[in-house]
>>> print(open('start-v2.pdb').read())   # PDB, C-alpha atoms and all ligand atoms
MODEL        1
ATOM      1  CA  MET A 271     -26.443  11.506 -15.739
ATOM      2  CA  GLU A 272     -25.379  11.740 -12.109
ATOM      3  CA  TYR A 273     -27.316   9.844  -9.450
ATOM      4  CA  THR A 274     -28.348  11.513  -6.208
ATOM      5  CA  ILE A 275     -27.676   9.858  -2.910
ATOM      6  CA  THR A 276     -29.997  10.489   0.047
ATOM      7  CA  ALA A 277     -28.549  11.404   3.445
ATOM      8  CA  GLU A 278     -29.654   8.032   4.780
ATOM      9  CA  GLU A 279     -28.036   6.105   1.914
ATOM     10  CA  PHE A 280     -24.851   8.078   2.401
ATOM     11  CA  GLN A 281     -24.774   7.123   6.105
ATOM     12  CA  ARG A 282     -25.189   3.446   5.245
ATOM     13  CA  PHE A 283     -22.288   3.551   2.768
ATOM     14  CA  ARG A 284     -20.201   5.576   5.165
ATOM     15  CA  THR A 285     -20.650   3.043   7.963
ATOM     16  CA  LEU A 286     -20.016   0.100   5.659
ATOM     17  CA  ILE A 287     -16.816   1.635   4.260
ATOM     18  CA  TYR A 288     -15.557   2.578   7.718
ATOM     19  CA  ASN A 289     -16.282  -0.814   9.256
ATOM     20  CA  GLU A 290     -14.771  -2.798   6.409
ATOM     21  CA  SER A 291     -11.748  -0.735   5.402
ATOM     22  CA  GLY A 292     -11.129   1.882   8.104
ATOM     23  CA  ILE A 293     -11.615   4.633   5.508
ATOM     24  CA  SER A 294     -13.321   7.524   7.204
ATOM     25  CA  LEU A 295     -15.482   9.707   4.944
ATOM     26  CA  SER A 296     -16.429  13.045   6.438
ATOM     27  CA  GLU A 297     -20.034  14.288   6.374
ATOM     28  CA  GLN A 298     -19.037  16.645   3.553
ATOM     29  CA  LYS A 299     -18.216  13.783   1.191
ATOM     30  CA  GLN A 300     -21.838  12.991   0.258
ATOM     31  CA  THR A 301     -21.731  14.619  -3.189
ATOM     32  CA  LEU A 302     -18.227  13.349  -3.834
ATOM     33  CA  LEU A 303     -19.279   9.771  -3.108
ATOM     34  CA  ALA A 304     -22.278  10.102  -5.441
ATOM     35  CA  SER A 305     -20.160  11.454  -8.252
ATOM     36  CA  ARG A 306     -17.414   8.820  -7.838
ATOM     37  CA  LEU A 307     -19.915   5.951  -7.873
ATOM     38  CA  SER A 308     -22.439   7.168 -10.443
ATOM     39  CA  LYS A 309     -20.678   5.612 -13.412
ATOM     40  CA  ARG A 310     -20.596   2.257 -11.641
ATOM     41  CA  LEU A 311     -24.366   2.383 -11.038
ATOM     42  CA  ARG A 312     -24.861   3.209 -14.695
ATOM     43  CA  ASP A 313     -22.609   0.327 -15.828
ATOM     44  CA  LEU A 314     -24.606  -2.058 -13.643
ATOM     45  CA  SER A 315     -27.918  -0.583 -14.923
ATOM     46  CA  LEU A 316     -29.044   0.239 -11.402
ATOM     47  CA  SER A 317     -31.345   3.118 -10.626
ATOM     48  CA  THR A 318     -30.649   3.926  -6.963
ATOM     49  CA  PHE A 319     -27.868   3.866  -4.401
ATOM     50  CA  ALA A 320     -30.046   1.608  -2.265
ATOM     51  CA  GLU A 321     -29.855  -1.012  -5.028
ATOM     52  CA  TYR A 322     -26.116  -0.560  -5.263
ATOM     53  CA  TYR A 323     -25.773  -1.021  -1.494
ATOM     54  CA  GLU A 324     -27.573  -4.373  -1.814
ATOM     55  CA  ASN A 325     -25.275  -5.282  -4.649
ATOM     56  CA  VAL A 326     -22.133  -4.493  -2.654
ATOM     57  CA  THR A 327     -23.202  -6.193   0.561
ATOM     58  CA  LYS A 328     -24.738  -9.311  -0.972
ATOM     59  CA  ASP A 329     -21.700 -10.138  -3.102
ATOM     60  CA  PRO A 330     -19.989 -13.075  -1.340
ATOM     61  CA  THR A 331     -16.773 -12.617  -3.353
ATOM     62  CA  ARG A 332     -16.403  -9.032  -1.992
ATOM     63  CA  GLU A 333     -15.357  -8.037  -5.494
ATOM     64  CA  GLU A 334     -17.900  -5.241  -5.761
ATOM     65  CA  PHE A 335     -16.777  -3.852  -2.423
ATOM     66  CA  THR A 336     -13.203  -3.739  -3.725
ATOM     67  CA  ARG A 337     -14.318  -2.004  -6.911
ATOM     68  CA  MET A 338     -16.160   0.559  -4.864
ATOM     69  CA  LEU A 339     -13.084   1.206  -2.702
ATOM     70  CA  ASP A 340     -10.956   1.656  -5.797
ATOM     71  CA  LEU A 341     -13.380   4.334  -6.938
ATOM     72  CA  ILE A 342     -13.384   6.262  -3.695
ATOM     73  CA  SER A 343      -9.749   6.022  -2.617
ATOM     74  CA  THR A 344      -6.692   6.666  -4.722
ATOM     75  CA  ASN A 345      -4.177   4.051  -5.778
ATOM     76  CA  LYS A 346      -1.702   6.701  -6.879
ATOM     77  CA  THR A 347       1.889   5.599  -6.429
ATOM     78  CA  ASP A 348       5.292   5.837  -8.131
ATOM     79  CA  PHE A 349       8.675   4.186  -8.307
ATOM     80  CA  PHE A 350      11.026   5.843  -5.785
ATOM     81  CA  ARG A 351       8.175   7.938  -4.385
ATOM     82  CA  GLU A 352       9.392   9.868  -1.343
ATOM     83  CA  PRO A 353      13.027   8.898  -2.012
ATOM     84  CA  LYS A 354      14.369   9.745   1.467
ATOM     85  CA  HIS A 355      12.930   6.461   2.717
ATOM     86  CA  PHE A 356      15.007   4.495   0.215
ATOM     87  CA  ASP A 357      18.106   6.514   1.175
ATOM     88  CA  PHE A 358      17.446   5.621   4.824
ATOM     89  CA  LEU A 359      17.011   1.957   3.915
ATOM     90  CA  ARG A 360      20.326   1.993   2.037
ATOM     91  CA  GLU A 361      22.353   4.122   4.427
ATOM     92  CA  ARG A 362      21.086   3.060   7.825
ATOM     93  CA  ILE A 363      19.056  -0.142   7.785
ATOM     94  CA  MET A 364      21.013  -2.275   5.326
ATOM     95  CA  PRO A 365      24.422  -1.695   6.994
ATOM     96  CA  GLU A 366      22.875  -2.820  10.305
ATOM     97  CA  LEU A 367      22.129  -6.148   8.617
ATOM     98  CA  PHE A 368      25.435  -6.671   6.803
ATOM     99  CA  GLY A 369      26.328  -9.415   9.281
ATOM    100  CA  GLU A 370      23.019 -11.245   9.216
ATOM    101  CA  LYS A 371      22.395 -10.781   5.440
ATOM    102  CA  ARG A 372      18.707 -11.327   6.007
ATOM    103  CA  ILE A 373      15.985  -8.733   5.713
ATOM    104  CA  ARG A 374      12.213  -8.918   6.095
ATOM    105  CA  ILE A 375      10.084  -6.018   4.882
ATOM    106  CA  TRP A 376       6.335  -5.447   4.590
ATOM    107  CA  SER A 377       4.902  -2.997   2.077
ATOM    108  CA  SER A 378       1.476  -2.859   3.661
ATOM    109  CA  ALA A 379      -0.553  -0.772   1.176
ATOM    110  CA  CYS A 380       1.424  -1.567  -1.954
ATOM    111  CA  SER A 381      -1.114  -0.492  -4.579
ATOM    112  CA  THR A 382       0.090  -1.422  -8.088
ATOM    113  CA  GLY A 383       3.534  -2.571  -6.903
ATOM    114  CA  GLU A 384       5.858   0.358  -7.524
ATOM    115  CA  GLU A 385       6.703   0.569  -3.802
ATOM    116  CA  PRO A 386       7.749  -3.083  -3.251
ATOM    117  CA  TYR A 387       9.659  -3.180  -6.570
ATOM    118  CA  THR A 388      11.508  -0.020  -5.517
ATOM    119  CA  ILE A 389      12.369  -1.651  -2.178
ATOM    120  CA  ALA A 390      13.632  -4.751  -3.996
ATOM    121  CA  MET A 391      15.735  -2.689  -6.440
ATOM    122  CA  THR A 392      17.278  -0.811  -3.488
ATOM    123  CA  LEU A 393      18.196  -4.094  -1.803
ATOM    124  CA  PHE A 394      19.743  -5.620  -4.934
ATOM    125  CA  GLU A 395      21.600  -2.440  -5.818
ATOM    126  CA  HIS A 396      23.120  -1.863  -2.386
ATOM    127  CA  ALA A 397      23.708  -5.245  -0.768
ATOM    128  CA  PRO A 398      27.312  -6.312  -1.236
ATOM    129  CA  ASN A 399      26.995  -9.738  -2.965
ATOM    130  CA  PRO A 400      23.170  -9.780  -3.121
ATOM    131  CA  SER A 401      23.147 -13.486  -4.047
ATOM    132  CA  GLN A 402      24.359 -14.236  -0.506
ATOM    133  CA  TRP A 403      21.471 -12.326   1.078
ATOM    134  CA  ASP A 404      18.057 -13.548   2.032
ATOM    135  CA  PHE A 405      15.563 -10.832   1.037
ATOM    136  CA  LYS A 406      11.836 -11.193   1.547
ATOM    137  CA  ILE A 407       9.208  -8.569   0.929
ATOM    138  CA  LEU A 408       5.554  -9.081   1.707
ATOM    139  CA  ALA A 409       3.484  -6.710  -0.414
ATOM    140  CA  SER A 410      -0.193  -6.382   0.402
ATOM    141  CA  ASP A 411      -3.226  -4.276  -0.318
ATOM    142  CA  ILE A 412      -6.960  -4.530   0.235
ATOM    143  CA  SER A 413      -7.647  -4.224  -3.491
ATOM    144  CA  THR A 414      -7.352  -7.364  -5.582
ATOM    145  CA  ARG A 415      -7.447  -5.230  -8.727
ATOM    146  CA  VAL A 416      -4.245  -3.356  -7.875
ATOM    147  CA  LEU A 417      -2.616  -6.541  -6.609
ATOM    148  CA  SER A 418      -3.067  -8.338  -9.913
ATOM    149  CA  LYS A 419      -1.422  -5.431 -11.714
ATOM    150  CA  ALA A 420       1.388  -5.482  -9.152
ATOM    151  CA  ALA A 421       1.960  -9.216  -9.513
ATOM    152  CA  ALA A 422       2.059  -8.928 -13.331
ATOM    153  CA  GLY A 423       5.008  -6.536 -12.937
ATOM    154  CA  LEU A 424       4.397  -4.923 -16.335
ATOM    155  CA  TYR A 425       4.582  -1.139 -16.613
ATOM    156  CA  GLN A 426       4.611   1.565 -19.271
ATOM    157  CA  GLU A 427       8.039   3.049 -19.861
ATOM    158  CA  ASP A 428       7.002   6.516 -18.650
ATOM    159  CA  ARG A 429       6.328   5.122 -15.151
ATOM    160  CA  PHE A 430      10.112   4.745 -14.720
ATOM    161  CA  ARG A 431      11.065   8.412 -15.036
ATOM    162  CA  ASP A 432      12.580   8.383 -11.513
ATOM    163  CA  VAL A 433      14.538   5.165 -12.032
ATOM    164  CA  PRO A 434      18.109   5.582 -13.340
ATOM    165  CA  SER A 435      18.355   3.817 -16.707
ATOM    166  CA  ASP A 436      21.143   1.428 -15.651
ATOM    167  CA  VAL A 437      19.126   0.369 -12.594
ATOM    168  CA  LEU A 438      16.047  -0.133 -14.752
ATOM    169  CA  LYS A 439      17.992  -2.327 -17.197
ATOM    170  CA  ARG A 440      19.316  -4.539 -14.443
ATOM    171  CA  HIS A 441      15.882  -5.274 -12.999
ATOM    172  CA  PHE A 442      13.319  -4.916 -15.814
ATOM    173  CA  LEU A 443      13.176  -6.275 -19.359
ATOM    174  CA  ARG A 444      12.261  -4.018 -22.251
ATOM    175  CA  GLY A 445       9.219  -5.320 -24.100
ATOM    176  CA  ARG A 446       9.334  -6.028 -27.836
ATOM    177  CA  GLY A 447       6.712  -6.452 -30.530
ATOM    178  CA  GLU A 448       3.295  -6.226 -28.918
ATOM    179  CA  SER A 449       4.867  -5.205 -25.603
ATOM    180  CA  ALA A 450       6.926  -2.362 -27.053
ATOM    181  CA  GLY A 451       6.896   0.631 -24.718
ATOM    182  CA  MET A 452       6.482  -1.635 -21.685
ATOM    183  CA  PHE A 453       8.927  -3.059 -19.142
ATOM    184  CA  LYS A 454       8.491  -6.370 -17.334
ATOM    185  CA  VAL A 455      10.023  -7.234 -13.978
ATOM    186  CA  LYS A 456      12.939  -9.714 -14.152
ATOM    187  CA  PRO A 457      12.567 -13.019 -12.282
ATOM    188  CA  HIS A 458      15.235 -12.312  -9.620
ATOM    189  CA  LEU A 459      13.305  -9.215  -8.481
ATOM    190  CA  ALA A 460       9.879 -10.861  -8.633
ATOM    191  CA  ALA A 461      11.188 -13.833  -6.652
ATOM    192  CA  VAL A 462      11.758 -11.839  -3.463
ATOM    193  CA  ILE A 463       8.241 -10.350  -3.334
ATOM    194  CA  GLN A 464       5.114 -12.152  -2.225
ATOM    195  CA  PHE A 465       1.844 -10.371  -3.089
ATOM    196  CA  ARG A 466      -1.175 -11.008  -0.943
ATOM    197  CA  ARG A 467      -4.543  -9.441  -0.182
ATOM    198  CA  LEU A 468      -4.580  -8.151   3.382
ATOM    199  CA  ASN A 469      -6.888  -5.667   5.015
ATOM    200  CA  LEU A 470      -5.098  -3.383   7.482
ATOM    201  CA  MET A 471      -8.231  -3.563   9.647
ATOM    202  CA  ASP A 472      -7.687  -7.284  10.311
ATOM    203  CA  SER A 473      -6.961  -7.963  13.947
ATOM    204  CA  GLN A 474      -3.898  -9.994  13.058
ATOM    205  CA  PHE A 475      -1.731 -10.627  10.036
ATOM    206  CA  PRO A 476      -0.234 -13.868   8.706
ATOM    207  CA  ILE A 477       3.322 -12.839   9.588
ATOM    208  CA  LYS A 478       5.321 -15.281  11.696
ATOM    209  CA  ASN A 479       8.795 -13.816  11.853
ATOM    210  CA  PRO A 480       9.468 -10.338  13.219
ATOM    211  CA  LEU A 481      10.045  -7.703  10.553
ATOM    212  CA  ASP A 482      12.920  -5.288  10.042
ATOM    213  CA  LEU A 483      10.810  -2.633   8.364
ATOM    214  CA  ILE A 484       7.185  -1.801   7.575
ATOM    215  CA  PHE A 485       6.137   0.673   4.898
ATOM    216  CA  CYS A 486       2.665   2.091   5.490
ATOM    217  CA  ARG A 487       2.625   5.123   3.263
ATOM    218  CA  ASN A 488      -0.224   7.256   2.002
ATOM    219  CA  VAL A 489      -3.071   5.171   3.330
ATOM    220  CA  MET A 490      -3.371   6.263   6.973
ATOM    221  CA  ILE A 491      -4.437   9.634   5.672
ATOM    222  CA  TYR A 492      -7.855   8.041   5.014
ATOM    223  CA  PHE A 493      -8.174   6.701   8.560
ATOM    224  CA  ASP A 494      -9.349   8.536  11.665
ATOM    225  CA  ARG A 495      -7.079   8.824  14.714
ATOM    226  CA  PRO A 496      -8.424   5.851  16.681
ATOM    227  CA  THR A 497      -7.977   3.649  13.582
ATOM    228  CA  GLN A 498      -4.454   4.984  13.045
ATOM    229  CA  ALA A 499      -3.616   4.299  16.690
ATOM    230  CA  THR A 500      -4.870   0.705  16.536
ATOM    231  CA  LEU A 501      -2.943   0.121  13.322
ATOM    232  CA  VAL A 502       0.420   1.517  14.410
ATOM    233  CA  ASN A 503       0.197  -0.418  17.670
ATOM    234  CA  LYS A 504      -0.422  -3.603  15.641
ATOM    235  CA  PHE A 505       2.608  -2.770  13.487
ATOM    236  CA  TYR A 506       4.671  -2.429  16.654
ATOM    237  CA  ARG A 507       3.968  -6.047  17.547
ATOM    238  CA  TYR A 508       5.163  -7.334  14.162
ATOM    239  CA  LEU A 509       8.514  -5.512  14.199
ATOM    240  CA  LYS A 510      11.796  -6.698  15.682
ATOM    241  CA  PRO A 511      13.164  -4.647  18.545
ATOM    242  CA  GLY A 512      14.905  -1.808  16.712
ATOM    243  CA  GLY A 513      12.694  -2.342  13.611
ATOM    244  CA  TYR A 514      11.444   0.640  11.599
ATOM    245  CA  LEU A 515       8.137   2.069  10.375
ATOM    246  CA  PHE A 516       7.864   4.473   7.422
ATOM    247  CA  ILE A 517       4.697   6.510   6.900
ATOM    248  CA  GLY A 518       3.762   8.896   4.064
ATOM    249  CA  HIS A 519       5.148  12.423   3.937
ATOM    250  CA  SER A 520       1.771  14.047   4.418
ATOM    251  CA  GLU A 521       0.996  11.799   7.393
ATOM    252  CA  SER A 522       1.926  12.186  11.048
ATOM    253  CA  LEU A 523       1.673  10.198  14.258
ATOM    254  CA  GLN A 524       1.830  13.364  16.320
ATOM    255  CA  TRP A 525      -1.700  12.965  17.684
ATOM    256  CA  VAL A 526      -1.613   9.207  17.945
ATOM    257  CA  GLU A 527      -0.597   7.335  21.091
ATOM    258  CA  HIS A 528       2.214   4.900  20.287
ATOM    259  CA  SER A 529       5.462   3.509  21.656
ATOM    260  CA  PHE A 530       7.738   4.229  18.681
ATOM    261  CA  LYS A 531      10.721   6.515  18.872
ATOM    262  CA  SER A 532      10.474   9.235  16.230
ATOM    263  CA  LEU A 533      13.767   9.399  14.286
ATOM    264  CA  ALA A 534      12.747  11.891  11.613
ATOM    265  CA  PRO A 535       9.402  13.085  10.273
ATOM    266  CA  THR A 536       7.763   9.908   8.849
ATOM    267  CA  ILE A 537      10.463   7.523  10.194
ATOM    268  CA  TYR A 538       9.832   5.642  13.445
ATOM    269  CA  GLN A 539      11.721   2.959  15.346
ATOM    270  CA  LYS A 540      10.624   0.293  17.805
ATOM    271  CA  GLU A 541      12.643   0.368  21.001
ATOM    272  CA  LEU A 542      15.698  -1.882  21.092
TER
HETATM  273  C1  LIG B 601      -2.314   5.906  -2.379
HETATM  274  S1  LIG B 601      -2.051   4.164  -2.335
HETATM  275  C2  LIG B 601      -0.454   4.124  -1.570
HETATM  276  C3  LIG B 601       0.562   3.309  -2.357
HETATM  277  C4  LIG B 601       1.995   3.325  -1.801
HETATM  278  N1  LIG B 601       2.040   2.900  -0.413
HETATM  279  C5  LIG B 601       2.620   4.690  -1.959
HETATM  280  O1  LIG B 601       2.766   5.421  -0.965
HETATM  281  O2  LIG B 601       2.968   5.055  -3.083
HETATM  282  C6  LIG B 601      -3.147   3.649  -1.018
HETATM  283  C7  LIG B 601      -3.483   2.167  -1.058
HETATM  284  O3  LIG B 601      -4.082   1.804   0.174
HETATM  285  C8  LIG B 601      -4.975   0.745  -0.081
HETATM  286  N2  LIG B 601      -5.883   0.577   1.068
HETATM  287  C9  LIG B 601      -6.922   1.369   1.453
HETATM  288  N3  LIG B 601      -7.512   0.868   2.555
HETATM  289  C10 LIG B 601      -6.811  -0.250   2.892
HETATM  290  C11 LIG B 601      -6.942  -1.210   3.933
HETATM  291  N4  LIG B 601      -7.902  -1.116   4.858
HETATM  292  N5  LIG B 601      -6.076  -2.255   3.959
HETATM  293  C12 LIG B 601      -5.081  -2.368   3.019
HETATM  294  N6  LIG B 601      -4.929  -1.486   2.017
HETATM  295  C13 LIG B 601      -5.774  -0.435   1.949
HETATM  296  C14 LIG B 601      -5.662   1.182  -1.370
HETATM  297  O4  LIG B 601      -6.256   0.085  -2.036
HETATM  298  C15 LIG B 601      -4.496   1.813  -2.141
HETATM  299  O5  LIG B 601      -3.924   0.904  -3.045
ENDMDL
END
>>> encode(input="start-v2.pdb", output="structure tokens")
Amino acid sequence: MEYTITAEEFQRFRTLIYNESGISLSEQKQTLLASRLSKRLRDLSLSTFAEYYENVTKDPTREEFTRMLDLISTNKTDFFREPKHFDFLRERIMPELFGEKRIRIWSSACSTGEEPYTIAMTLFEHAPNPSQWDFKILASDISTRVLSKAAAGLYQEDRFRDVPSDVLKRHFLRGRGESAGMFKVKPHLAAVIQFRRLNLMDSQFPIKNPLDLIFCRNVMIYFDRPTQATLVNKFYRYLKPGGYLFIGHSESLQWVEHSFKSLAPTIYQKEL
């Protein structure tokens, strides 16, 4: 059975979701929201969306809010998704840091971890003498559910179809016995990534040292222009002069006021 949501209930959810996560649901999404959340209402044995709203807002752990977000937004991601960004990291950004041998990157909507692990594999594969480098990747998401999967670093073999097999072997361990068909991240790769729950709507982020690069891919598509503008201007503050911002391939900052220099579609640089 599918539950119906009244126009008023839809507005309450819409405002809540926008205020808490920046995700902007258009007026046309009323039926979509009802269909995405119906199963959850059923699982909780609730009879109306008004009851579910109470449930979401009264939960001090915010866990139900996170579950709801997971149902309405997508966590879709892949290893080496949008590979031009990793080529740019290897060919342009890393050589700029050959002297310093230190790199600080933020994967700011990391979902289940494929993005930060891809960044880490790129760094290990292409830094001359990686043991002499200081790599740090902060990987964050609003969803604690995806973050726990990311931190576990355990994936089905078919997730690695875009990872060359020698690269995979160097950075992931093939599971045996009960874990056959799975690969687990090796400690050297896990050690350079710190996973943390962060909401991109927060007014500031717990980042002390200026960053070389921020990935914010395939999440701004859910935000309206004012929210995108606020976010990219916050990113600007956390980057080093000359630092870079990558956004998703279906996203654009064309209509957003910002101070970045546009180097290529989806690649931006803070002024030096
Ligand atoms: C489609 S995934 C993108 C994953 C990865 N960046 C990529 O491009 O493959 C979008 C992620 O954004 C997260 N997200 C949505 N709103 C957010 C917010 N306000 N703060 C942080 N993360 C958010 C979702 O939980 C989801 O995991």
>>> residues_near_ligand(input="start-v2.pdb", ligand="ligand LIG 601 (chain B)", cutoff="9 Å", atoms="only C-alpha atoms and all ligand atoms", output="ChimeraX atom specification")
/A:288,290-293,336,339-340,343-352,377-386,410-417,467-472,485-490,492-493,517-519
>>> closest_residue(input="start-v2.pdb", among="A:Asp404, A:Glu321, A:Asp494, A:Glu427", to="Trp525 of chain A", atoms="all atoms listed in the file")
A:Asp494
>>> atom_distance(input="start-v2.pdb", atom1="atom CA of Ala277 of chain A", atom2="atom CA of Pro330 of chain A")
26.4 Å
>>> residues_near_point(input="start-v2.pdb", point="(20.7, 3.3, 14.2)", cutoff="10 Å", atoms="all atoms listed in the file", output="list of chain:residue names")
A:Glu361, A:Arg362, A:Ile363, A:Pro365, A:Glu366, A:Gly512, A:Gly513, A:Tyr514, A:Leu533, A:Gln539, A:Leu542
>>> closest_residue(input="start-v2.pdb", among="A:Tyr425, A:Ala420, A:Arg372, A:Arg440", to="Gln402 of chain A", atoms="all atoms listed in the file")
A:Arg372
>>> resolve_selection(input="start-v2.pdb", expression="the PyMOL selection byres (((chain A and resi 538) around 10) and not hetatm)", output="list in words")
Leu483, Ile484, Gly512, Gly513, Tyr514, Leu515, Phe516, Ile517, Leu523, Ser529, Phe530, Lys531, Ser532, Leu533, Ala534, Pro535, Thr536, Ile537, Gln539, Lys540 and Glu541 of chain A
>>> build_atoms(input="start-v2.pdb", residues="segment 285-312 of chain A", atoms="N, CA and C atoms", output="PDB file, in the frame of the given file")
ATOM      1  N   THR A 285     -20.886   4.023   6.886  1.00  0.00           N
ATOM      2  CA  THR A 285     -20.650   3.043   7.963  1.00  0.00           C
ATOM      3  C   THR A 285     -20.018   1.777   7.407  1.00  0.00           C
ATOM      4  N   LEU A 286     -20.549   1.321   6.276  1.00  0.00           N
ATOM      5  CA  LEU A 286     -20.016   0.100   5.659  1.00  0.00           C
ATOM      6  C   LEU A 286     -18.522   0.277   5.329  1.00  0.00           C
ATOM      7  N   ILE A 287     -18.198   1.388   4.694  1.00  0.00           N
ATOM      8  CA  ILE A 287     -16.816   1.635   4.260  1.00  0.00           C
ATOM      9  C   ILE A 287     -15.889   1.741   5.476  1.00  0.00           C
ATOM     10  N   TYR A 288     -16.367   2.422   6.507  1.00  0.00           N
ATOM     11  CA  TYR A 288     -15.557   2.578   7.718  1.00  0.00           C
ATOM     12  C   TYR A 288     -15.337   1.229   8.401  1.00  0.00           C
ATOM     13  N   ASN A 289     -16.408   0.469   8.549  1.00  0.00           N
ATOM     14  CA  ASN A 289     -16.282  -0.814   9.256  1.00  0.00           C
ATOM     15  C   ASN A 289     -15.404  -1.800   8.506  1.00  0.00           C
ATOM     16  N   GLU A 290     -15.488  -1.784   7.187  1.00  0.00           N
ATOM     17  CA  GLU A 290     -14.771  -2.798   6.409  1.00  0.00           C
ATOM     18  C   GLU A 290     -13.342  -2.405   6.057  1.00  0.00           C
ATOM     19  N   SER A 291     -13.084  -1.101   5.900  1.00  0.00           N
ATOM     20  CA  SER A 291     -11.748  -0.735   5.402  1.00  0.00           C
ATOM     21  C   SER A 291     -11.038   0.274   6.290  1.00  0.00           C
ATOM     22  N   GLY A 292     -11.746   0.851   7.264  1.00  0.00           N
ATOM     23  CA  GLY A 292     -11.129   1.882   8.104  1.00  0.00           C
ATOM     24  C   GLY A 292     -11.177   3.258   7.462  1.00  0.00           C
ATOM     25  N   ILE A 293     -11.597   3.334   6.197  1.00  0.00           N
ATOM     26  CA  ILE A 293     -11.615   4.633   5.508  1.00  0.00           C
ATOM     27  C   ILE A 293     -12.752   5.480   6.073  1.00  0.00           C
ATOM     28  N   SER A 294     -12.369   6.671   6.513  1.00  0.00           N
ATOM     29  CA  SER A 294     -13.321   7.524   7.204  1.00  0.00           C
ATOM     30  C   SER A 294     -13.730   8.669   6.281  1.00  0.00           C
ATOM     31  N   LEU A 295     -14.997   8.647   5.840  1.00  0.00           N
ATOM     32  CA  LEU A 295     -15.482   9.707   4.944  1.00  0.00           C
ATOM     33  C   LEU A 295     -16.181  10.761   5.791  1.00  0.00           C
ATOM     34  N   SER A 296     -15.785  12.010   5.626  1.00  0.00           N
ATOM     35  CA  SER A 296     -16.429  13.045   6.438  1.00  0.00           C
ATOM     36  C   SER A 296     -17.836  13.298   5.911  1.00  0.00           C
ATOM     37  N   GLU A 297     -18.645  13.958   6.735  1.00  0.00           N
ATOM     38  CA  GLU A 297     -20.034  14.288   6.374  1.00  0.00           C
ATOM     39  C   GLU A 297     -20.097  15.052   5.041  1.00  0.00           C
ATOM     40  N   GLN A 298     -19.040  15.794   4.761  1.00  0.00           N
ATOM     41  CA  GLN A 298     -19.037  16.645   3.553  1.00  0.00           C
ATOM     42  C   GLN A 298     -18.827  15.844   2.266  1.00  0.00           C
ATOM     43  N   LYS A 299     -18.577  14.537   2.394  1.00  0.00           N
ATOM     44  CA  LYS A 299     -18.216  13.783   1.191  1.00  0.00           C
ATOM     45  C   LYS A 299     -19.428  13.186   0.454  1.00  0.00           C
ATOM     46  N   GLN A 300     -20.635  13.587   0.856  1.00  0.00           N
ATOM     47  CA  GLN A 300     -21.838  12.991   0.258  1.00  0.00           C
ATOM     48  C   GLN A 300     -21.875  13.162  -1.278  1.00  0.00           C
ATOM     49  N   THR A 301     -21.665  14.381  -1.740  1.00  0.00           N
ATOM     50  CA  THR A 301     -21.731  14.619  -3.189  1.00  0.00           C
ATOM     51  C   THR A 301     -20.561  13.947  -3.892  1.00  0.00           C
ATOM     52  N   LEU A 302     -19.408  13.978  -3.236  1.00  0.00           N
ATOM     53  CA  LEU A 302     -18.227  13.349  -3.834  1.00  0.00           C
ATOM     54  C   LEU A 302     -18.463  11.848  -4.034  1.00  0.00           C
ATOM     55  N   LEU A 303     -19.020  11.210  -3.014  1.00  0.00           N
ATOM     56  CA  LEU A 303     -19.279   9.771  -3.108  1.00  0.00           C
ATOM     57  C   LEU A 303     -20.238   9.497  -4.272  1.00  0.00           C
ATOM     58  N   ALA A 304     -21.296  10.301  -4.365  1.00  0.00           N
ATOM     59  CA  ALA A 304     -22.278  10.102  -5.441  1.00  0.00           C
ATOM     60  C   ALA A 304     -21.603  10.257  -6.797  1.00  0.00           C
ATOM     61  N   SER A 305     -20.743  11.249  -6.926  1.00  0.00           N
ATOM     62  CA  SER A 305     -20.160  11.454  -8.252  1.00  0.00           C
ATOM     63  C   SER A 305     -19.132  10.359  -8.581  1.00  0.00           C
ATOM     64  N   ARG A 306     -18.392   9.893  -7.570  1.00  0.00           N
ATOM     65  CA  ARG A 306     -17.414   8.820  -7.838  1.00  0.00           C
ATOM     66  C   ARG A 306     -18.091   7.497  -8.206  1.00  0.00           C
ATOM     67  N   LEU A 307     -19.286   7.266  -7.659  1.00  0.00           N
ATOM     68  CA  LEU A 307     -19.915   5.951  -7.873  1.00  0.00           C
ATOM     69  C   LEU A 307     -20.976   5.938  -8.982  1.00  0.00           C
ATOM     70  N   SER A 308     -21.342   7.110  -9.462  1.00  0.00           N
ATOM     71  CA  SER A 308     -22.439   7.168 -10.443  1.00  0.00           C
ATOM     72  C   SER A 308     -22.187   6.311 -11.683  1.00  0.00           C
ATOM     73  N   LYS A 309     -20.979   6.375 -12.186  1.00  0.00           N
ATOM     74  CA  LYS A 309     -20.678   5.612 -13.412  1.00  0.00           C
ATOM     75  C   LYS A 309     -20.862   4.112 -13.169  1.00  0.00           C
ATOM     76  N   ARG A 310     -20.465   3.682 -11.976  1.00  0.00           N
ATOM     77  CA  ARG A 310     -20.596   2.257 -11.641  1.00  0.00           C
ATOM     78  C   ARG A 310     -22.076   1.839 -11.612  1.00  0.00           C
ATOM     79  N   LEU A 311     -22.927   2.689 -11.076  1.00  0.00           N
ATOM     80  CA  LEU A 311     -24.366   2.383 -11.038  1.00  0.00           C
ATOM     81  C   LEU A 311     -24.898   2.276 -12.469  1.00  0.00           C
ATOM     82  N   ARG A 312     -24.428   3.202 -13.290  1.00  0.00           N
ATOM     83  CA  ARG A 312     -24.861   3.209 -14.695  1.00  0.00           C
ATOM     84  C   ARG A 312     -24.408   1.918 -15.386  1.00  0.00           C
TER      85      ARG A 312
END
